[in-house]
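Asker: Let me begin by handing over the structure; questions about it come next.
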Amino acid sequence: MKYDKISILRLLEDMSPTRRCEDSMRIVVAKPGLDGHDRGAKVIARALRDGGHEVVYTGLRRTPSEIIRIVTDEDVSALGLSTLSGAHDVLIPKICDGLREAGLGDVMVFAGGIIPNRDREFVFEQGVRAIFGPGSRTDEILSFLDACSDRIEKGEPIGVGQSAGWRWE
């Protein structure tokens, strides 16, 4: 089934107040780089929305600077990056560095897609708090966000620019 951009935006903008939870987060889901596969990102965006979070989906092929601008403009607390192209080792550090440089070190970053085990430690070192690969369950991602909300309530750091050493594994 093929969706046009308008249909996707309407789907994701349907923010029914009855679905919002007390600890909802405002989250950007982004597709950095030239990767043209976004079905997984759309599924995750929908699951997060259905889980009570406010979600902004950026669409395909966003540059790091575009993603940082969107995070700034949308005033979000979390950024989910979906990458399938193998460019995670270049794009994720650029985005994380850009967030810190823009004064957005309190934004929590999580990643998903194809990130080989050999690269995961490097990605975590960039400030990413969780990596969800193929086959990850949406309830696991929602549990991660619940844990992040709990940490925020306790005043514990989770942001890309906060050196807590905490990560979800």
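Ligands are numbered from 1 in the order shown, chains are lettered A, B, ... in the order of the structure tokens, and residues start at 1 in each chain.
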List the neighbours of segment 97-104 of chain A out to 7 Å using only C-alpha atoms; skip same-chain residues closer than 3 positions along the sequence, and give me the result as a ChimeraX atom specification.
Answerer: /A:68,93-94,107,161
Asker: Which of segment 88-128 of chain A end up as strand (DSSP E) when DSSP is run on this backbone - answer as a list in words?
Answerer: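 Going through segment 88-128 of chain A, the strand (DSSP E) residues come out as Met108, Val109, Phe110, Ala111, Gly112, Gly113 and Val128 of chain A.
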Asker: Measuring between only C-alpha atoms, which one of A:Ser143, A:Thr72, A:Ser77, A:Thr83 shows the shortest distance to Gly33 of chain A?
Answerer: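 Of all the options, A:Thr83 lies closest to Gly33 of chain A.
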Asker: Name the closest residue to Arg62 of chain A among the candidates A:Pro32, A:Gly86, A:Gly40, A:Pro116; distances are taken between atoms, counting only C-alpha atoms.
Answerer: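 Nearest to Arg62 of chain A: A:Pro32.
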Asker: Find the residues near Arg167 of chain A: any atom within 8 Å, counting only C-alpha atoms, skip ones fewer than 6 places away on the same chain, and give them as a VMD selection string.
Answerer: chain A and resid 124 128 to 130
Asker: Please, what distance in Å, to one decimal, runs between atom CA of Ala147 of chain A and atom CA of His53 of chain A?
Answerer: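 Atom CA of Ala147 of chain A sits 13.9 Å away from atom CA of His53 of chain A.
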Asker: Find the residue from A:Gly80, A:Leu60, A:Ala47, A:Ile67 that sits nearest to Asp35 of chain A; use only C-alpha atoms when measuring.
Answerer: A:Leu60
Asker: Identify, with DSSP run on backbone atoms, the residues in segment 25-144 of chain A assigned to alpha helix (DSSP H), and express the list as a ChimeraX atom specification.
Answerer: /A:39-50,64-74,88-101,117-125,138-144
Asker: Near Leu91 of chain A, within 7 Å and counting only C-alpha atoms, which residues show up once chain neighbours fewer than 4 positions away are dropped, as JSON, numbers by chain?
Answerer: {"A": [32, 64, 87, 95]}
Asker: Can I get the selection written as a JSON list (two decimals), in the first residue's frame, with C-alpha atoms?
Answerer:
[["chain", "number", "residue", "atom", "x", "y", "z"],
["A", 32, "PRO", "CA", 18.79, 11.14, 8.20],
["A", 64, "PRO", "CA", 21.75, 16.69, 10.14],
["A", 87, "ALA", "CA", 25.76, 5.91, 7.32],
["A", 95, "ILE", "CA", 23.44, 15.13, 14.69]]
Asker: Out of A:Phe122, A:Ser24, A:His88, A:Ser82, which residue has the shortest atom-to-atom distance to Cys148 of chain A when counting only C-alpha atoms?
Answerer: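 The answer is A:Ser24, which sits nearest to Cys148 of chain A.
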